[in-house]
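*Asks:* Here it is, the structure in full.
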Amino acid sequence: MTFPRFATIAEMRSALASKTISAVELAREHLDRIAASDLNSFVTVCEDDAVATAREADGHIGRHGQSGLVGVPVAHKDVFCTAGVRTTCASRMLAGFVPPYDATVVARFRDSGAIMLGKTNMDEFAMGSSNENSHFGSVSNPWDVTRVPGGSSGGSAAAVAAGLVPAATATDTGGSIRQPAAFCGISGLKPTYGRVSRYGMVAFASSLDQGGPMARSAEDLRLLLQHMEGHDPLDSTSADIGPTPREADRVGLRIGVVREYGRDLDARLAATVDEAAAVFERLGHERVEISLPHTTYATAAYYVVASAEASTNLSRYDGVRYGHRAESPNDLDDLYARSRSEGFGAEVKRRILTGTYALSIGYYDAYYRKAQRLRRLIRQDFLDAFRSVEAILAPATPSTAFEKGALLAPDETKDPTVMYEQDVYTVPASLAGLPALSIPCGIIDGLPVGMQLIGPHFGEDRLLALAESFQQETDWHQRTPPR
Amino acid sequence: MEADLIDKLMRLAALRLEARERELLKDNLSKIVHLIDTMQSADTDGVEPLDHPLDGVQPLRPDHVTEVVDRNRFQEVAPEVRDGLYLVPRVVE
């Protein structure tokens, strides 16, 4: 049988529960779609493992009925370690790396019965906003294959948007869940820093990295978050608080619209976000203009903090313990330098060197400490704003999905900071450690537009409730790419 | 971005770049520094640097061994090992 291509997890669960379809049939159908797809959204497909796990899921459903994610096909961004399945981070450095353990997120999904179909493509080490920095080639946006899906979680976003999987895991350091979700017309949630364990998630910038779900509805995001979140003794930065509740008020909230975010925004995108604000007003919420005065410094502060942490985290790749090793090194320094230079791509090298610069003697105070001071001011802007509003509505991106090659040339001759400016609306919440989600709110010239909802720390419940009510009122999230 | 500084950064980061890659990088880094220099106009006097987005403190767990290091399993992913040891080029003559 064929199952509706763009079914939500909720629909799949009820079909599995009523035995309208088996987990094996569901897995096989999605594996066939992946095999037939030319988006390059997967780095590794786990066909045999997936069918075997689905068979176990069918046994479980037969005995106990469907619960949790039992029998639901998912994909993991290739930044999450998967025991026995190679985890590349889309880098030549880790092209042959097979982890000896599972990331906590992967283990939790496995324990809840989800069927892992494979690992999705991404920007190398999650550094990029177009998925063009992948050792395994760029990913195509299913809405227009000449365009990028966004990044760094471009493979996860494209796979969900194309109906190859109903859900995928992703990570967000400065916008890597929200921007590709917006470009591909799907829903994505970056939880509060610490809500989801980072154990086994290959590190980029440890004070910013946060795993989260991508799916086709806010309702599905809520279900997926339940199976990702929670304190993990293996990640001492994971928050020791209870699960996300389901109790937030759905009416009578004050929703902030950021004055500074409107300044340089494309008029048609601004109109789309404005229309979304009008939907919230119709739903009984109040629109309140707010100011986040340090916004203008966010991109600069983000690139200093993230690159500094990246240069430190990526020093572990030395060609000795795991990862790429240069052939016939002359001496130890040669082994290190050649293994790293051969293993890392251009953007990763730029970030490592930017971070090295910001942390080096003579520049540490002027750059790294300065960025950390600005980080506090940017966070304080949000904390002040949340005294007068319950959530903030913002654009997710400055444009819709751009053409491949528009911001990144194969010969690396383009100005990298133009790509960095893509993150202008997403990095502030990242620096502040706040939860933020992106959901579809319009279409311009055949391409989806996303909007962000940003909330106070650990306020995921309210963001999801607002997104759920928006998706009951509108059908942007049900639009699908042309075939 | 002076050539000497690029050489120093490459040494610190254990990277080695070909001449063309190095020239491009010099140009790229200058643009990135230009971007991050926009921070300098912000008044941050008296503001405490923020290390952790939730101002979290590092929690400590009881000082007990909680896992066994399985050297053989972990070394399966190493490029070159012998007798349980990681191999590197000779460092002592």
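Letters A, B, ... go to the chains of the structure tokens in the order shown; residues in each chain start at 1; ligands are counted from 1 in the same order.
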Running DSSP on the backbone, which parts of segment 35-213 of chain A land in alpha helix (DSSP H), as a ChimeraX atom specification?
*Replies:* /A:35-36,47-64,104-111,154-161,178-184
*Asks:* Give me the residues within 8 Å of Leu25 of chain B as a list in words, counting only C-alpha atoms and dropping any in the same chain fewer than 4 places off.
*Replies:*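 The neighbour list is Arg350 of chain A; Glu21 and Leu29 of chain B.
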*Asks:* Please write the residues from the selection above to a file, keeping C-alpha atoms, as an mmCIF file, in the first residue's frame.
*Replies:*
```cif
data_model
loop_
_atom_site.group_PDB
_atom_site.id
_atom_site.type_symbol
_atom_site.label_atom_id
_atom_site.label_comp_id
_atom_site.auth_asym_id
_atom_site.auth_seq_id
_atom_site.Cartn_x
_atom_site.Cartn_y
_atom_site.Cartn_z
ATOM 1 C CA ARG A 350 38.089 30.062 8.571
ATOM 2 C CA GLU B 21 44.444 29.074 -0.051
ATOM 3 C CA LEU B 29 39.827 36.900 7.559
#
```
*Asks:* Using only C-alpha atoms and a distance of at most 6 Å, pull out the residues of chain A that contact chain B, as a ChimeraX atom specification.
*Replies:* /A:297,300,321-322,331-332,337,341,372-373,376,432-433
*Asks:* Quick one: write out the picked residues with C-alpha atoms as a PDB file, in the first residue's frame?
*Replies:*
```pdb
ATOM      1  CA  TYR A 297      25.941  43.649  17.686  1.00  0.00           C
ATOM      2  CA  ALA A 300      29.544  40.016  15.435  1.00  0.00           C
ATOM      3  CA  ARG A 321      42.876   9.024  18.224  1.00  0.00           C
ATOM      4  CA  TYR A 322      40.224   9.088  15.518  1.00  0.00           C
ATOM      5  CA  ASP A 331      57.205  14.341  12.386  1.00  0.00           C
ATOM      6  CA  LEU A 332      54.506  15.000  14.981  1.00  0.00           C
ATOM      7  CA  ALA A 337      49.038  20.062  10.563  1.00  0.00           C
ATOM      8  CA  SER A 341      44.535  20.716   6.755  1.00  0.00           C
ATOM      9  CA  GLN A 372      30.916  37.838  26.103  1.00  0.00           C
ATOM     10  CA  ARG A 373      30.040  41.233  27.591  1.00  0.00           C
ATOM     11  CA  ARG A 376      25.148  39.530  28.516  1.00  0.00           C
ATOM     12  CA  ALA A 432      20.659  34.362  25.080  1.00  0.00           C
ATOM     13  CA  GLY A 433      20.087  30.576  25.298  1.00  0.00           C
TER      14      GLY A 433
END
```
*Asks:* When you look at Tyr101 of chain A with a cut-off of 7 Å (counting only C-alpha atoms), what residues show up, excluding the ones that are within fewer than 4 positions of it in the same chain? I need them as a PyMOL selection string.
*Replies:* chain A and resi 81-83
*Asks:* Calculated over only C-alpha atoms, which of the candidates A:Ala298, A:Cys441, A:Pro329, A:Met93 has the smallest distance to Glu275 of chain A?
*Replies:*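 Of all the options, A:Cys441 lies closest to Glu275 of chain A.
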*Asks:* Write out as a VMD selection string all residues of segment 256-392 of chain A that backbone DSSP assigns to strand (DSSP E or B).
*Replies:* chain A and resid 256 to 258 286 to 290 391 to 392
*Asks:* May I ask for the distance between atom CA of Tyr302 of chain A and atom CA of Gly355 of chain A, given in Å to one decimal place?
*Replies:* 11.2 Å
*Asks:* Quick one, how far is atom CA of Val98 of chain A from atom CA of Asp78 of chain A?
*Replies:* 11.4 Å
*Asks:* Give me, as a tab-separated table, the closest atom pair and its distance (Å, one decimal) for every residue of segment 142-251 of chain A within a cut-off of 10 Å of segment 308-311 of chain A, counting only C-alpha atoms, rows sorted by chain and rising number.
*Replies:*
```
residue	atom	partner	partner_atom	distance
A:Ala203	CA	A:Ala310	CA	7.8
A:Phe204	CA	A:Ala310	CA	5.1
A:Ala205	CA	A:Glu309	CA	4.9
A:Ser206	CA	A:Glu309	CA	6.7
A:Ser207	CA	A:Glu309	CA	7.9
A:Leu208	CA	A:Glu309	CA	9.3
```
*Asks:* Selected residues, C-alpha atoms, written as a compact mmCIF listing (two decimals), in the first residue's frame, please.
*Replies:*
```txt
# COMPACT_ATOMS: atom_id res chain seq x y z
CA ALA A 203 30.69 19.70 19.45
CA PHE A 204 30.88 22.96 17.51
CA ALA A 205 30.30 25.74 20.08
CA SER A 206 29.48 24.20 23.44
CA SER A 207 27.81 27.21 25.08
CA LEU A 208 25.43 27.58 22.11
```
*Asks:* Can you tell me how far atom CA of Met12 of chain A sits from atom CA of Ala167 of chain A, in Å to one decimal?
*Replies:*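 Atom CA of Ala167 of chain A lies at a distance of 11.3 Å from atom CA of Met12 of chain A.
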*Asks:* Given only C-alpha atoms as the basis, pick out the residue of A:Val279, A:Glu289, A:Met228, A:Ile352 nearest to Thr312 of chain A.
*Replies:*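 Closest candidate: A:Ile352.
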